[in-house]
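A.B. asks: One structure is given below, represented as structure tokens, and several questions about it will come after.
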Amino acid sequence: MTDADLVRAIQAGDATALEALYQQHLPSVWRYAFAQLSGNSASAEDVVSETFLAAVRQIGSLAPEGGSVGGWLIGIARHKVQDLRRRAGRMRTTLEENLAAALPSHEDDPRAALEAAEIRQCVGVIMDGLADEERTVLEWKYLDDLSVRQIAQRLGRSEKAVEASLYRARQAFRAAFERAQRAPR
Amino acid sequence: MCAEEKSDNLSALLKTGYGAPPPREEFVRDLGERMHKEYREQRSAPAAPRPQRVTAIRWSWAAAAAAAVVLLTAGGITWTLTHPGPGSQNVPTLGGVAPPQPSGTPEEQLVPLEIKLPKAVGGPTPKNIPASPYMEPYSDKPRQAFRVPEGTTNVASGKPVTSSEAVPVIGELKQITDGDKEGVDGCYVDLGPQTQWVQIDLKEPCAIYAIVVWHYHAEKRVYHDMVIQVADDPDFIENVKTVYNNDFDNTSGLGIGKDMEYIEDYRGRLIDAKGATGRYVRLYSRGNSSDDLNHYTEVEVYGKPVKAEPAAPPKTK
């Protein structure tokens, strides 16, 4: 079932479609919140909860063919993250926060922890800046280990179209990453 | 390891930089239950009638009567479509209507909107702006008068502005509503690359008839993926209305827009907000034809405050 099918079914009163949509997009929204909040699980849970509850309230007015549902959910999550940061009095996560999150898994190697923190900081910004479909296909392919066929089924596209989308996403990510690495710090 | 080597190992890079442990099972289950509860409540609440816009009328000659009149009412205007009947050489006529501008307020007295323009400083259209099917051709003809209900003012004047960047690269956010729209250095705000937004809190719900936006206009350029929304809440969740969207490929993820890109100049862009109501106005953009930055010189929101609905009296036994 594609996202548009799920939205139509939810609007028609099908609770199982709501469950399917939740299961399908939870990993992506969770990862987004986790990355944007420097691995703070408690805050990420708040953001993810508020995002999905707001989505349930608004889904009745969502046009099924109006764009990517994943992008719509990340858009809500983005507002929720900003709202949380605004309440905390700041707008960006810092390298120090990412370092604090990375240190426990690199206890004996502070340099590796710093490198991991820098990569988290950089990749979080790049993923947030990618177009929705680019971010989604990268996540599904490289983090959720879905095949091109499975991605095509979820998106309601041909496998060729997904391959092209993956190619563009890789190029966009690579260019942004290399630019960020070369930028003066 | 150099940047190219790192980025070539995309899978490992994403796992390190964007991976996350799975959420707690208890949290996932609890949230799922709360969603279903919310969903059931939404479904059981009586649905408010949703306004429908007439976009097309299909007429069948074979099924038509000898002559027919169709009355359509939209936005308070009644349109009369008169069909002369099959076999007639006359074409169907549309008439008996009030002028459709601005949308949604035909019963009020309309007056021309007066907008104070800054000095024209932009030079000729640069060659780095290619023609595009998504961009309207540039015209230096004066803008046609736009009519608004009497008493309409710039409700954004001096109102607080927030943005996707806590601190702009150049300028201060308050400059966006300070009335200074000149196309010179010191009058604009630079918000950096990627999709960025500025948001104006009108401090009370307003009926909005027009929004006029000036990006950087000392040079003719095209700002991309421009989306303007009005909402009741600062997070843009409740009652969000999109009044302008030229993001034709949905790059910013706010939906595909059908409005046209345009070349910026000293006149700014006037957007017909069609009487949309809301307290917050948010304007998105994603770079421009000269660089990937986002600039705002001034935003004016022309409207009138609307009184909030009185709270329902408490239920008594």
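Residues are named by chain letter and number: chains run A, B, ... in the order of the structure tokens, numbers start at 1 in each chain, and ligands are numbered from 1 in the order shown.
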Quick one: everything within 6 Å of stretch 52-66 of chain A, counting only C-alpha atoms, minus sequence neighbours fewer than 3 positions away in the same chain. Send it as a PDB file with C-alpha atoms, in the first residue's frame.

C.D. replies:
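Generated file (part-v4.pdb):
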ATOM      1  CA  ALA A   4      -1.587   7.894  -0.671  1.00  0.00           C
ATOM      2  CA  VAL A   7      -4.084   8.311   3.794  1.00  0.00           C
ATOM      3  CA  GLN A  11      -9.684   9.246   6.047  1.00  0.00           C
ATOM      4  CA  SER A  49       4.597  11.831  20.392  1.00  0.00           C
TER       5      SER A  49
ATOM      6  CA  MET B  35      -2.976   7.799  18.463  1.00  0.00           C
ATOM      7  CA  GLY B 255       3.432  20.371  -1.125  1.00  0.00           C
TER       8      GLY B 255
END

A.B. asks: Can you pull out every residue from stretch 141-176 of chain A that DSSP, working from the backbone, puts in alpha helix (DSSP H), and format the result as a list in words?

C.D. replies: Val148, Arg149, Gln150, Ile151, Ala152, Gln153, Arg154, Leu155, Glu159, Lys160, Ala161, Val162, Glu163, Ala164, Ser165, Leu166, Tyr167, Arg168, Ala169, Arg170, Gln171, Ala172, Phe173, Arg174, Ala175 and Ala176 of chain A

A.B. asks: Mind listing as a ChimeraX atom specification which residues of chain B are within 9 Å of chain A, counting only C-alpha atoms?

C.D. replies: /B:2-4,6-8,10-23,27-28,31-32,34-36,38-40,42-43,164-167,194-195,234-239,250-256

A.B. asks: Quick one: residues within 7 Å of B:Leu110, only C-alpha atoms, excluding same-chain residues fewer than 2 positions away - as a list in words?

C.D. replies: Glu108, Pro112, Arg147, Val148, Pro149 and Glu150 of chain B

A.B. asks: Calculate how many Å separate atom CA of B:Tyr284 from atom CA of B:Tyr244, rounding to one decimal.

C.D. replies: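 Distance reported for this atom pair: 10.0 Å.
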
A.B. asks: Would you mind reading off the distance between atom CA of B:Leu270 and atom CA of B:Ala210, one decimal, in Å?

C.D. replies: 6.6 Å

A.B. asks: Would you compute the distance between atom CA of B:Thr297 and atom CA of B:Pro133? Give it in Å to one decimal.

C.D. replies: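 Atom-to-atom, atom CA of B:Thr297 to atom CA of B:Pro133, that is 26.9 Å.
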
A.B. asks: From the list B:Tyr262, B:Trp197, B:Tyr134, B:Phe248, which residue is nearest B:Arg286 when using only C-alpha atoms?

C.D. replies: B:Trp197

A.B. asks: Tell me, which residues of stretch 127-244 of chain B carry DSSP strand (DSSP E or B), written as a ChimeraX atom specification?

C.D. replies: /B:135,147-149,153-154,161-163,170,189-190,196-214,223,227-231,241-244

A.B. asks: Those same residues - N, CA and C atoms - I'd like them written as a CSV table (one decimal), in the first residue's frame.

C.D. replies:
chain,number,residue,atom,x,y,z
B,135,MET,N,8.3,30.3,-14.4
B,135,MET,CA,8.5,31.7,-14.0
B,135,MET,C,7.7,32.6,-14.9
B,147,ARG,N,-7.9,45.9,-4.7
B,147,ARG,CA,-8.9,46.5,-3.8
B,147,ARG,C,-9.2,45.6,-2.6
B,148,VAL,N,-9.3,46.3,-1.5
B,148,VAL,CA,-9.4,45.6,-0.2
B,148,VAL,C,-10.6,46.2,0.5
B,149,PRO,N,-11.2,45.6,1.5
B,149,PRO,CA,-12.2,46.2,2.3
B,149,PRO,C,-11.7,47.5,3.0
B,153,THR,N,-5.6,47.6,7.1
B,153,THR,CA,-4.3,48.3,7.4
B,153,THR,C,-3.2,47.2,7.3
B,154,ASN,N,-1.9,47.7,7.4
B,154,ASN,CA,-0.8,46.8,7.5
B,154,ASN,C,-0.7,46.3,9.0
B,161,VAL,N,8.9,39.3,14.9
B,161,VAL,CA,9.3,38.3,13.8
B,161,VAL,C,10.2,37.3,14.4
B,162,THR,N,10.0,36.0,14.1
B,162,THR,CA,10.9,34.9,14.5
B,162,THR,C,11.3,34.3,13.1
B,163,SER,N,12.3,33.4,13.2
B,163,SER,CA,12.7,32.8,12.0
B,163,SER,C,13.3,31.4,12.2
B,170,ILE,N,23.0,38.4,8.6
B,170,ILE,CA,23.0,39.8,8.5
B,170,ILE,C,21.7,40.4,8.9
B,189,VAL,N,17.6,41.4,5.8
B,189,VAL,CA,18.0,40.3,6.7
B,189,VAL,C,18.5,39.1,5.9
B,190,ASP,N,19.6,38.5,6.2
B,190,ASP,CA,20.1,37.3,5.5
B,190,ASP,C,20.0,36.1,6.4
B,196,GLN,N,14.5,28.3,4.5
B,196,GLN,CA,14.5,29.1,5.7
B,196,GLN,C,13.1,29.8,5.7
B,197,TRP,N,12.7,30.2,6.9
B,197,TRP,CA,11.4,30.9,7.0
B,197,TRP,C,11.5,32.1,8.0
B,198,VAL,N,10.6,33.0,7.8
B,198,VAL,CA,10.4,34.1,8.8
B,198,VAL,C,8.9,34.0,9.1
B,199,GLN,N,8.6,34.4,10.4
B,199,GLN,CA,7.2,34.2,10.8
B,199,GLN,C,6.9,35.5,11.6
B,200,ILE,N,5.7,36.0,11.3
B,200,ILE,CA,5.2,37.2,11.9
B,200,ILE,C,4.0,36.9,12.8
B,201,ASP,N,4.1,37.3,14.0
B,201,ASP,CA,3.0,37.2,15.0
B,201,ASP,C,2.2,38.4,14.9
B,202,LEU,N,1.0,38.3,14.4
B,202,LEU,CA,0.1,39.5,14.3
B,202,LEU,C,-0.5,39.9,15.6
B,203,LYS,N,-0.3,39.1,16.6
B,203,LYS,CA,-0.8,39.3,18.0
B,203,LYS,C,-2.2,39.1,18.2
B,204,GLU,N,-3.0,39.0,17.1
B,204,GLU,CA,-4.4,38.6,17.2
B,204,GLU,C,-4.9,38.0,15.9
B,205,PRO,N,-5.9,37.3,15.9
B,205,PRO,CA,-6.4,36.7,14.6
B,205,PRO,C,-6.8,37.8,13.7
B,206,CYS,N,-6.5,37.7,12.4
B,206,CYS,CA,-6.8,38.8,11.5
B,206,CYS,C,-7.3,38.1,10.2
B,207,ALA,N,-8.2,38.8,9.5
B,207,ALA,CA,-8.6,38.4,8.2
B,207,ALA,C,-7.6,39.1,7.2
B,208,ILE,N,-6.9,38.3,6.5
B,208,ILE,CA,-5.8,38.8,5.7
B,208,ILE,C,-6.2,38.9,4.2
B,209,TYR,N,-6.1,40.1,3.6
B,209,TYR,CA,-6.5,40.2,2.2
B,209,TYR,C,-5.3,40.3,1.3
B,210,ALA,N,-4.2,40.8,1.8
B,210,ALA,CA,-3.0,40.8,0.9
B,210,ALA,C,-1.7,40.8,1.7
B,211,ILE,N,-0.7,40.1,1.1
B,211,ILE,CA,0.6,40.1,1.7
B,211,ILE,C,1.6,40.6,0.7
B,212,VAL,N,2.4,41.6,1.1
B,212,VAL,CA,3.4,42.1,0.1
B,212,VAL,C,4.7,41.8,0.7
B,213,VAL,N,5.6,41.1,-0.1
B,213,VAL,CA,6.9,40.8,0.4
B,213,VAL,C,8.0,41.3,-0.6
B,214,TRP,N,9.0,41.9,0.1
B,214,TRP,CA,10.2,42.3,-0.6
B,214,TRP,C,11.3,41.5,-0.1
B,223,TYR,N,13.7,34.4,-6.2
B,223,TYR,CA,13.8,33.5,-5.0
B,223,TYR,C,12.9,32.3,-5.2
B,227,VAL,N,6.9,29.8,-0.3
B,227,VAL,CA,5.6,29.3,0.3
B,227,VAL,C,5.2,30.3,1.4
B,228,ILE,N,4.0,30.7,1.3
B,228,ILE,CA,3.4,31.6,2.4
B,228,ILE,C,2.2,30.9,3.0
B,229,GLN,N,2.3,30.8,4.3
B,229,GLN,CA,1.2,30.1,5.1
B,229,GLN,C,0.6,31.0,6.2
B,230,VAL,N,-0.6,30.8,6.5
B,230,VAL,CA,-1.3,31.5,7.6
B,230,VAL,C,-1.8,30.4,8.6
B,231,ALA,N,-1.6,30.7,9.9
B,231,ALA,CA,-2.1,29.6,10.8
B,231,ALA,C,-2.5,30.3,12.1
B,241,LYS,N,-3.3,27.5,6.4
B,241,LYS,CA,-3.7,27.8,5.0
B,241,LYS,C,-2.5,28.3,4.2
B,242,THR,N,-2.3,27.7,3.0
B,242,THR,CA,-1.2,28.1,2.2
B,242,THR,C,-1.8,29.1,1.2
B,243,VAL,N,-1.3,30.3,1.2
B,243,VAL,CA,-1.9,31.4,0.3
B,243,VAL,C,-1.0,31.6,-0.9
B,244,TYR,N,0.2,31.0,-0.9
B,244,TYR,CA,1.1,31.2,-2.0
B,244,TYR,C,2.1,30.0,-2.0

A.B. asks: Using only C-alpha atoms for the distances, tell me which of B:Lys119, B:Arg143, B:Lys181, B:Arg279 is nearest to B:Lys159.

C.D. replies: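 Closest to B:Lys159 of all the choices is B:Arg279.
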
A.B. asks: Compile the contact shell of A:Gly156 as a PyMOL selection string: residues with an atom at most 12 Å away, counting only C-alpha atoms, same-chain residues fewer than 5 positions apart removed.

C.D. replies: chain A and resi 1-6+65+68+148-151+161-162
